[in-house]
Amino acid sequence: MATDLDQQLMRATEETDVPLVGVDLRRALLGLGGLIGFIGLWWVVSLFQPAYVLPSPVAVADSFLAEATSGELSTALWQSIQHWIPGTIVGTFLGVSAGVAFGWSRLLDDITSPVVRTLRPVPPLALIGFAIAWFGINNAGAAFIIAIGAFWINFYASYGGVEGVSDDLLDVARSLGVQGDLELIRSVVIPAASPEIMTGIRTGIGRCWMLVVASEIFGVPGIGARILRASRNLQVDIVITYILVLSLMFLIVDTAFRAVQKRVLVWR
Amino acid sequence: MAIGHPSGSTVRIENVSKQYDSKQGPVQALGGVDFSVESGEFVCIVGPSGCGKTTLFRILAGLESPTGGEVLLNGSTVTEPNSDMGIVFQEYHLFPWQTVKENVAFGLKKSDIPADEKRRRVQHLIDLVGLAGFENSYPKALSGGMKQRVALARALAIDPSLLLMDEPFGAVDAQTREMLQAELVEIWQETAKTVLFVTHDVEEAVKLADRVVIMGKNPGSISEIVTVDLDRPRLRSDPEFGDYYERVRERIYQ
């Protein structure tokens, strides 16, 4: 018995030491190989194509450097961040709140369900008219489009998470003196649904970077507007440059959030 | 012992019945269950599956309401779980996002006991159930028996006068079960709480209980109450134990 407990204890303490970001050397090397292979293939194909169809990786690297040194890149990035951040935060917050509330309350769910189902299939792009009318051609308008995207992802993730919370845990909590909806939501529902909520937030963050392009389609300056302008001028190297910027931003934010997720969900 | 009421609670189950509506019409799960439990008594409820044990348990715990009759805890009607009772379920139902310590302290969060006293009480309970050293482990790292110990400590933390247990040792291996049974009896003797313990295991019931309430089905009701007049710790090999065992078993499967 005693040795049994000792072993359990060792295992228990080991499992709580979770590294912040796990790095698997083999995977990293294979991934690097894949990346080099991809760029190689791209380069070979680009040899047989005019630059307006597919510029070579070297040409893209050149324009990347040019954009970065001229300050264009950082200007566009900063402009996009100014609506990406508020859009993501507002959309995530509202989506999680509504998802938790409607997932929890049968009454709210019954009341809102028809409206939710009507609004759900509306693509954020279709709401550009409202963005302009309600907010104008500015960061707020673009943030609105981004927020819509973040909202639905977080709404459904949280809703599903809350629906999946076991009634037994709620019974236990009630038997231990937790009373009232708000108290139950705070102390049981949200922590129990946190894995799904976190996954929703993470997916939403990625989706919001994609929506940056769409949100700038009506003239708000930023990375998306820059991509659209370059497309019209057939400057494909510039287009790819800014696509890379979006990818990099996504990678940075996603990695950071994954680290947070691991920390918060250390109990899983 | 820092924790412990001067005495446990009394429970009166007065003509409790429960009817469910199903597609095939109403189903009578419990038909007029009537018995009472004295302060500090250890009562086991046994019966075949489908006899309404779990329904009765949920009504006792205030998680469901009876369609007829009522449950009185220390004289007042039970309508919802309250802090006079500690509930332990078969499947533990620990809060997986909380450590052992946090799980045990869960029911104390809102109480106005000073933080120092809370910490001491939680530690005492963790020691009592033999989990010292695991205070900061998460449930995922614990075995079934250990999880059930946490669940027991968590239920004891609110210092209930009644401990309600629904097949608490049904999901652990035989050796662990025996150990937990012995520990439960010790804790019960130490704290003088009233224990109502649902099980389908006849041996467990005879080993633990002052009285065994035997239930039959269609509809779920009491078929007999057997008083087990044996000293503790009880041994399976004791011929008298065997007599009680046979008596209860026969009554269930007759």
# chains A, B, ... in the order shown; residues from 1 in each chain; ligands from 1

$ select_by_dssp --residues "stretch 57-229 of chain B" --states "helix (DSSP H, G or I)" --output "PyMOL selection string"
chain B and resi 57-60+100-108+115-128+139-141+144-157+174-191+202-208

$ interface_residues --of "chain A" --to "chain B" --cutoff "6 Å" --atoms "only C-alpha atoms" --output "PyMOL selection string"
chain A and resi 12+169+175-176+267

$ select_by_dssp --residues "stretch 7-226 of chain B" --states "strand (DSSP E)" --output "PyMOL selection string"
chain B and resi 11-22+25-37+42-46+68-73+76-77+85-88+162-166+194-198+211-216+221-226

$ residues_around --residues "stretch 167-174 of chain B" --least-positions-apart "6" --cutoff "6 Å" --atoms "only C-alpha atoms" --output "NGL selection string"
:B and (89-90 or 144-145 or 198-199)

$ residues_around --residues "stretch 135-149 of chain A" --least-positions-apart "3" --cutoff "7 Å" --atoms "only C-alpha atoms" --output "PDB file with all heavy atoms, in the first residue's frame"
ATOM      1  N   GLN A  82      -4.864  47.463 -35.200  1.00  0.00           N
ATOM      2  CA  GLN A  82      -5.805  48.358 -34.531  1.00  0.00           C
ATOM      3  C   GLN A  82      -7.259  47.950 -34.679  1.00  0.00           C
ATOM      4  O   GLN A  82      -8.095  48.379 -33.908  1.00  0.00           O
ATOM      5  CB  GLN A  82      -5.628  49.794 -35.050  1.00  0.00           C
ATOM      6  CG  GLN A  82      -4.467  50.479 -34.373  1.00  0.00           C
ATOM      7  CD  GLN A  82      -4.209  51.811 -35.004  1.00  0.00           C
ATOM      8  OE1 GLN A  82      -3.785  51.879 -36.158  1.00  0.00           O
ATOM      9  NE2 GLN A  82      -4.497  52.874 -34.287  1.00  0.00           N
ATOM     10  N   HIS A  83      -7.582  47.158 -35.709  1.00  0.00           N
ATOM     11  CA  HIS A  83      -8.944  46.614 -35.690  1.00  0.00           C
ATOM     12  C   HIS A  83      -8.979  45.125 -35.364  1.00  0.00           C
ATOM     13  O   HIS A  83      -9.972  44.622 -34.917  1.00  0.00           O
ATOM     14  CB  HIS A  83      -9.756  46.952 -36.942  1.00  0.00           C
ATOM     15  CG  HIS A  83      -9.029  46.848 -38.235  1.00  0.00           C
ATOM     16  ND1 HIS A  83      -8.433  47.918 -38.848  1.00  0.00           N
ATOM     17  CD2 HIS A  83      -8.795  45.790 -39.027  1.00  0.00           C
ATOM     18  CE1 HIS A  83      -7.872  47.525 -39.980  1.00  0.00           C
ATOM     19  NE2 HIS A  83      -8.069  46.223 -40.095  1.00  0.00           N
ATOM     20  N   TRP A  84      -7.842  44.455 -35.587  1.00  0.00           N
ATOM     21  CA  TRP A  84      -7.828  43.024 -35.234  1.00  0.00           C
ATOM     22  C   TRP A  84      -8.017  42.848 -33.720  1.00  0.00           C
ATOM     23  O   TRP A  84      -8.832  42.048 -33.274  1.00  0.00           O
ATOM     24  CB  TRP A  84      -6.501  42.372 -35.664  1.00  0.00           C
ATOM     25  CG  TRP A  84      -6.455  40.915 -35.317  1.00  0.00           C
ATOM     26  CD1 TRP A  84      -7.015  39.905 -36.028  1.00  0.00           C
ATOM     27  CD2 TRP A  84      -5.874  40.331 -34.153  1.00  0.00           C
ATOM     28  NE1 TRP A  84      -6.807  38.712 -35.386  1.00  0.00           N
ATOM     29  CE2 TRP A  84      -6.113  38.935 -34.243  1.00  0.00           C
ATOM     30  CE3 TRP A  84      -5.170  40.821 -33.056  1.00  0.00           C
ATOM     31  CZ2 TRP A  84      -5.676  38.040 -33.267  1.00  0.00           C
ATOM     32  CZ3 TRP A  84      -4.739  39.939 -32.093  1.00  0.00           C
ATOM     33  CH2 TRP A  84      -4.992  38.554 -32.190  1.00  0.00           C
ATOM     34  N   PRO A  86      -9.273  44.956 -31.181  1.00  0.00           N
ATOM     35  CA  PRO A  86     -10.616  45.194 -30.614  1.00  0.00           C
ATOM     36  C   PRO A  86     -11.672  44.248 -31.181  1.00  0.00           C
ATOM     37  O   PRO A  86     -12.536  43.771 -30.446  1.00  0.00           O
ATOM     38  CB  PRO A  86     -10.927  46.652 -30.987  1.00  0.00           C
ATOM     39  CG  PRO A  86      -9.927  47.043 -31.996  1.00  0.00           C
ATOM     40  CD  PRO A  86      -8.732  46.168 -31.828  1.00  0.00           C
ATOM     41  N   GLY A  87     -11.584  43.934 -32.468  1.00  0.00           N
ATOM     42  CA  GLY A  87     -12.573  43.030 -33.072  1.00  0.00           C
ATOM     43  C   GLY A  87     -12.524  41.657 -32.422  1.00  0.00           C
ATOM     44  O   GLY A  87     -13.562  41.082 -32.070  1.00  0.00           O
ATOM     45  N   THR A  88     -11.325  41.142 -32.250  1.00  0.00           N
ATOM     46  CA  THR A  88     -11.180  39.816 -31.659  1.00  0.00           C
ATOM     47  C   THR A  88     -11.656  39.810 -30.213  1.00  0.00           C
ATOM     48  O   THR A  88     -12.390  38.907 -29.789  1.00  0.00           O
ATOM     49  CB  THR A  88      -9.702  39.367 -31.716  1.00  0.00           C
ATOM     50  OG1 THR A  88      -9.233  39.501 -33.048  1.00  0.00           O
ATOM     51  CG2 THR A  88      -9.565  37.919 -31.286  1.00  0.00           C
ATOM     52  N   VAL A  90     -13.703  41.930 -28.574  1.00  0.00           N
ATOM     53  CA  VAL A  90     -15.146  42.144 -28.415  1.00  0.00           C
ATOM     54  C   VAL A  90     -15.930  40.917 -28.878  1.00  0.00           C
ATOM     55  O   VAL A  90     -16.820  40.418 -28.191  1.00  0.00           O
ATOM     56  CB  VAL A  90     -15.604  43.404 -29.183  1.00  0.00           C
ATOM     57  CG1 VAL A  90     -17.125  43.508 -29.212  1.00  0.00           C
ATOM     58  CG2 VAL A  90     -15.005  44.652 -28.545  1.00  0.00           C
ATOM     59  N   GLY A  91     -15.569  40.397 -30.066  1.00  0.00           N
ATOM     60  CA  GLY A  91     -16.276  39.233 -30.602  1.00  0.00           C
ATOM     61  C   GLY A  91     -16.134  38.022 -29.702  1.00  0.00           C
ATOM     62  O   GLY A  91     -17.103  37.294 -29.448  1.00  0.00           O
ATOM     63  N   PRO A 124     -19.768  37.216 -42.611  1.00  0.00           N
ATOM     64  CA  PRO A 124     -19.377  38.558 -42.152  1.00  0.00           C
ATOM     65  C   PRO A 124     -19.278  39.549 -43.300  1.00  0.00           C
ATOM     66  O   PRO A 124     -19.652  40.707 -43.156  1.00  0.00           O
ATOM     67  CB  PRO A 124     -18.011  38.318 -41.511  1.00  0.00           C
ATOM     68  CG  PRO A 124     -18.024  36.888 -41.082  1.00  0.00           C
ATOM     69  CD  PRO A 124     -18.895  36.168 -42.059  1.00  0.00           C
ATOM     70  N   ALA A 131     -21.508  47.645 -41.520  1.00  0.00           N
ATOM     71  CA  ALA A 131     -20.259  48.152 -40.935  1.00  0.00           C
ATOM     72  C   ALA A 131     -20.072  49.610 -41.315  1.00  0.00           C
ATOM     73  O   ALA A 131     -19.744  50.446 -40.472  1.00  0.00           O
ATOM     74  CB  ALA A 131     -19.073  47.311 -41.397  1.00  0.00           C
ATOM     75  N   ILE A 132     -20.313  49.897 -42.597  1.00  0.00           N
ATOM     76  CA  ILE A 132     -20.130  51.272 -43.060  1.00  0.00           C
ATOM     77  C   ILE A 132     -21.201  52.190 -42.468  1.00  0.00           C
ATOM     78  O   ILE A 132     -20.912  53.267 -41.951  1.00  0.00           O
ATOM     79  CB  ILE A 132     -20.191  51.336 -44.610  1.00  0.00           C
ATOM     80  CG1 ILE A 132     -19.023  50.533 -45.199  1.00  0.00           C
ATOM     81  CG2 ILE A 132     -20.145  52.779 -45.097  1.00  0.00           C
ATOM     82  CD1 ILE A 132     -19.090  50.347 -46.704  1.00  0.00           C
ATOM     83  N   TRP A 152     -19.269  34.010 -33.664  1.00  0.00           N
ATOM     84  CA  TRP A 152     -19.944  32.732 -33.917  1.00  0.00           C
ATOM     85  C   TRP A 152     -19.100  31.541 -33.501  1.00  0.00           C
ATOM     86  O   TRP A 152     -19.610  30.586 -32.914  1.00  0.00           O
ATOM     87  CB  TRP A 152     -20.345  32.620 -35.386  1.00  0.00           C
ATOM     88  CG  TRP A 152     -21.499  33.514 -35.690  1.00  0.00           C
ATOM     89  CD1 TRP A 152     -21.485  34.611 -36.497  1.00  0.00           C
ATOM     90  CD2 TRP A 152     -22.823  33.416 -35.155  1.00  0.00           C
ATOM     91  NE1 TRP A 152     -22.723  35.209 -36.498  1.00  0.00           N
ATOM     92  CE2 TRP A 152     -23.575  34.496 -35.684  1.00  0.00           C
ATOM     93  CE3 TRP A 152     -23.453  32.548 -34.267  1.00  0.00           C
ATOM     94  CZ2 TRP A 152     -24.915  34.709 -35.378  1.00  0.00           C
ATOM     95  CZ3 TRP A 152     -24.784  32.754 -33.964  1.00  0.00           C
ATOM     96  CH2 TRP A 152     -25.496  33.826 -34.509  1.00  0.00           C
ATOM     97  N   ILE A 153     -17.818  31.619 -33.781  1.00  0.00           N
ATOM     98  CA  ILE A 153     -16.947  30.497 -33.385  1.00  0.00           C
ATOM     99  C   ILE A 153     -17.001  30.316 -31.874  1.00  0.00           C
ATOM    100  O   ILE A 153     -17.181  29.217 -31.354  1.00  0.00           O
ATOM    101  CB  ILE A 153     -15.498  30.761 -33.849  1.00  0.00           C
ATOM    102  CG1 ILE A 153     -15.426  30.603 -35.366  1.00  0.00           C
ATOM    103  CG2 ILE A 153     -14.531  29.811 -33.154  1.00  0.00           C
ATOM    104  CD1 ILE A 153     -14.098  30.947 -35.955  1.00  0.00           C
ATOM    105  N   ARG A 207      -9.191  32.622 -37.119  1.00  0.00           N
ATOM    106  CA  ARG A 207     -10.201  33.076 -38.077  1.00  0.00           C
ATOM    107  C   ARG A 207     -10.176  34.596 -38.213  1.00  0.00           C
ATOM    108  O   ARG A 207     -10.388  35.140 -39.300  1.00  0.00           O
ATOM    109  CB  ARG A 207     -11.573  32.606 -37.594  1.00  0.00           C
ATOM    110  CG  ARG A 207     -12.744  33.098 -38.366  1.00  0.00           C
ATOM    111  CD  ARG A 207     -13.357  31.995 -39.213  1.00  0.00           C
ATOM    112  NE  ARG A 207     -14.587  32.473 -39.858  1.00  0.00           N
ATOM    113  CZ  ARG A 207     -14.614  32.977 -41.089  1.00  0.00           C
ATOM    114  NH1 ARG A 207     -13.519  33.061 -41.810  1.00  0.00           N
ATOM    115  NH2 ARG A 207     -15.756  33.393 -41.610  1.00  0.00           N
ATOM    116  N   CYS A 208      -9.905  35.279 -37.136  1.00  0.00           N
ATOM    117  CA  CYS A 208      -9.886  36.741 -37.173  1.00  0.00           C
ATOM    118  C   CYS A 208      -8.741  37.264 -38.036  1.00  0.00           C
ATOM    119  O   CYS A 208      -8.891  38.284 -38.712  1.00  0.00           O
ATOM    120  CB  CYS A 208      -9.789  37.315 -35.765  1.00  0.00           C
ATOM    121  SG  CYS A 208     -11.334  37.131 -34.876  1.00  0.00           S
ATOM    122  N   LEU A 211      -9.964  37.121 -41.423  1.00  0.00           N
ATOM    123  CA  LEU A 211     -10.985  38.133 -41.684  1.00  0.00           C
ATOM    124  C   LEU A 211     -10.394  39.530 -41.825  1.00  0.00           C
ATOM    125  O   LEU A 211     -11.081  40.453 -42.269  1.00  0.00           O
ATOM    126  CB  LEU A 211     -12.029  38.125 -40.570  1.00  0.00           C
ATOM    127  CG  LEU A 211     -13.106  37.047 -40.723  1.00  0.00           C
ATOM    128  CD1 LEU A 211     -13.979  36.990 -39.488  1.00  0.00           C
ATOM    129  CD2 LEU A 211     -13.963  37.329 -41.958  1.00  0.00           C
ATOM    130  N   VAL A 212      -9.117  39.677 -41.444  1.00  0.00           N
ATOM    131  CA  VAL A 212      -8.488  40.990 -41.591  1.00  0.00           C
ATOM    132  C   VAL A 212      -8.583  41.449 -43.048  1.00  0.00           C
ATOM    133  O   VAL A 212      -8.907  42.598 -43.334  1.00  0.00           O
ATOM    134  CB  VAL A 212      -7.018  40.937 -41.117  1.00  0.00           C
ATOM    135  CG1 VAL A 212      -6.213  42.078 -41.711  1.00  0.00           C
ATOM    136  CG2 VAL A 212      -6.968  40.996 -39.601  1.00  0.00           C
ATOM    137  N   SER A 215     -12.170  42.400 -43.875  1.00  0.00           N
ATOM    138  CA  SER A 215     -12.645  43.572 -43.145  1.00  0.00           C
ATOM    139  C   SER A 215     -12.101  44.870 -43.731  1.00  0.00           C
ATOM    140  O   SER A 215     -12.576  45.948 -43.406  1.00  0.00           O
ATOM    141  CB  SER A 215     -12.255  43.469 -41.670  1.00  0.00           C
ATOM    142  OG  SER A 215     -10.870  43.712 -41.534  1.00  0.00           O
ATOM    143  N   GLU A 216     -11.070  44.744 -44.607  1.00  0.00           N
ATOM    144  CA  GLU A 216     -10.484  45.968 -45.176  1.00  0.00           C
ATOM    145  C   GLU A 216     -10.908  46.164 -46.617  1.00  0.00           C
ATOM    146  O   GLU A 216     -10.427  47.047 -47.317  1.00  0.00           O
ATOM    147  CB  GLU A 216      -8.954  45.908 -45.037  1.00  0.00           C
ATOM    148  CG  GLU A 216      -8.534  45.999 -43.572  1.00  0.00           C
ATOM    149  CD  GLU A 216      -7.077  45.645 -43.362  1.00  0.00           C
ATOM    150  OE1 GLU A 216      -6.363  45.447 -44.348  1.00  0.00           O
ATOM    151  OE2 GLU A 216      -6.668  45.560 -42.188  1.00  0.00           O
ATOM    152  N   GLY A 219     -12.128  49.660 -47.778  1.00  0.00           N
ATOM    153  CA  GLY A 219     -11.295  50.848 -47.789  1.00  0.00           C
ATOM    154  C   GLY A 219     -10.567  51.205 -46.511  1.00  0.00           C
ATOM    155  O   GLY A 219      -9.842  52.192 -46.457  1.00  0.00           O
ATOM    156  N   VAL A 220     -10.734  50.419 -45.465  1.00  0.00           N
ATOM    157  CA  VAL A 220      -9.958  50.687 -44.250  1.00  0.00           C
ATOM    158  C   VAL A 220      -8.525  50.228 -44.520  1.00  0.00           C
ATOM    159  O   VAL A 220      -8.323  49.117 -44.998  1.00  0.00           O
ATOM    160  CB  VAL A 220     -10.542  49.915 -43.050  1.00  0.00           C
ATOM    161  CG1 VAL A 220      -9.748  50.194 -41.787  1.00  0.00           C
ATOM    162  CG2 VAL A 220     -12.000  50.282 -42.853  1.00  0.00           C
TER     163      VAL A 220
END

$ residues_around --residues "A:Ala61" --least-positions-apart "3" --cutoff "12 Å" --atoms "only C-alpha atoms" --output "PyMOL selection string"
chain A and resi 39+43+55-58+64-68+237-242+244-245

$ write_last_selection --atoms "N, CA and C atoms" --output "PDB file, in the first residue's frame"
ATOM      1  N   ILE A  39       9.282  25.324 -50.475  1.00  0.00           N
ATOM      2  CA  ILE A  39       9.872  26.516 -51.103  1.00  0.00           C
ATOM      3  C   ILE A  39      10.628  26.109 -52.366  1.00  0.00           C
ATOM      4  N   TRP A  43       9.937  27.404 -56.066  1.00  0.00           N
ATOM      5  CA  TRP A  43      10.985  28.042 -56.861  1.00  0.00           C
ATOM      6  C   TRP A  43      11.049  27.406 -58.259  1.00  0.00           C
ATOM      7  N   PRO A  55       5.613  34.649 -58.741  1.00  0.00           N
ATOM      8  CA  PRO A  55       6.976  35.152 -58.602  1.00  0.00           C
ATOM      9  C   PRO A  55       7.824  34.121 -57.845  1.00  0.00           C
ATOM     10  N   SER A  56       9.130  34.164 -58.044  1.00  0.00           N
ATOM     11  CA  SER A  56       9.997  33.200 -57.358  1.00  0.00           C
ATOM     12  C   SER A  56      10.120  33.581 -55.875  1.00  0.00           C
ATOM     13  N   PRO A  57      10.497  32.639 -55.039  1.00  0.00           N
ATOM     14  CA  PRO A  57      10.678  32.950 -53.618  1.00  0.00           C
ATOM     15  C   PRO A  57      11.679  34.076 -53.421  1.00  0.00           C
ATOM     16  N   VAL A  58      12.677  34.143 -54.291  1.00  0.00           N
ATOM     17  CA  VAL A  58      13.694  35.195 -54.151  1.00  0.00           C
ATOM     18  C   VAL A  58      13.057  36.561 -54.366  1.00  0.00           C
ATOM     19  N   PHE A  64       9.661  41.582 -49.735  1.00  0.00           N
ATOM     20  CA  PHE A  64       9.455  41.581 -48.284  1.00  0.00           C
ATOM     21  C   PHE A  64      10.429  42.564 -47.630  1.00  0.00           C
ATOM     22  N   LEU A  65      11.678  42.428 -48.020  1.00  0.00           N
ATOM     23  CA  LEU A  65      12.706  43.317 -47.454  1.00  0.00           C
ATOM     24  C   LEU A  65      12.410  44.769 -47.799  1.00  0.00           C
ATOM     25  N   ALA A  66      12.042  45.000 -49.061  1.00  0.00           N
ATOM     26  CA  ALA A  66      11.760  46.364 -49.500  1.00  0.00           C
ATOM     27  C   ALA A  66      10.606  46.967 -48.699  1.00  0.00           C
ATOM     28  N   GLU A  67       9.533  46.176 -48.553  1.00  0.00           N
ATOM     29  CA  GLU A  67       8.363  46.655 -47.802  1.00  0.00           C
ATOM     30  C   GLU A  67       8.719  46.904 -46.349  1.00  0.00           C
ATOM     31  N   ALA A  68       9.545  45.998 -45.806  1.00  0.00           N
ATOM     32  CA  ALA A  68       9.910  46.119 -44.387  1.00  0.00           C
ATOM     33  C   ALA A  68      10.784  47.347 -44.168  1.00  0.00           C
ATOM     34  N   ASP A 237       4.104  39.438 -56.030  1.00  0.00           N
ATOM     35  CA  ASP A 237       5.131  39.344 -54.981  1.00  0.00           C
ATOM     36  C   ASP A 237       4.720  40.111 -53.730  1.00  0.00           C
ATOM     37  N   ILE A 238       4.080  41.262 -53.916  1.00  0.00           N
ATOM     38  CA  ILE A 238       3.603  42.047 -52.771  1.00  0.00           C
ATOM     39  C   ILE A 238       2.462  41.292 -52.070  1.00  0.00           C
ATOM     40  N   VAL A 239       1.584  40.705 -52.878  1.00  0.00           N
ATOM     41  CA  VAL A 239       0.472  39.945 -52.299  1.00  0.00           C
ATOM     42  C   VAL A 239       1.030  38.854 -51.385  1.00  0.00           C
ATOM     43  N   ILE A 240       1.992  38.092 -51.911  1.00  0.00           N
ATOM     44  CA  ILE A 240       2.546  36.992 -51.116  1.00  0.00           C
ATOM     45  C   ILE A 240       3.270  37.536 -49.879  1.00  0.00           C
ATOM     46  N   THR A 241       3.947  38.652 -50.045  1.00  0.00           N
ATOM     47  CA  THR A 241       4.637  39.260 -48.905  1.00  0.00           C
ATOM     48  C   THR A 241       3.665  39.475 -47.738  1.00  0.00           C
ATOM     49  N   TYR A 242       2.507  40.062 -48.054  1.00  0.00           N
ATOM     50  CA  TYR A 242       1.569  40.374 -46.970  1.00  0.00           C
ATOM     51  C   TYR A 242       0.810  39.139 -46.476  1.00  0.00           C
ATOM     52  N   LEU A 244       2.360  36.402 -46.158  1.00  0.00           N
ATOM     53  CA  LEU A 244       3.342  35.885 -45.202  1.00  0.00           C
ATOM     54  C   LEU A 244       3.270  36.624 -43.873  1.00  0.00           C
ATOM     55  N   VAL A 245       3.041  37.937 -43.965  1.00  0.00           N
ATOM     56  CA  VAL A 245       2.924  38.705 -42.720  1.00  0.00           C
ATOM     57  C   VAL A 245       1.738  38.180 -41.898  1.00  0.00           C
TER      58      VAL A 245
END

$ closest_residue --among "A:Gln179, A:Asn154, A:Ser80, A:Asn233" --to "A:Ser194" --atoms "only C-alpha atoms"
A:Asn154
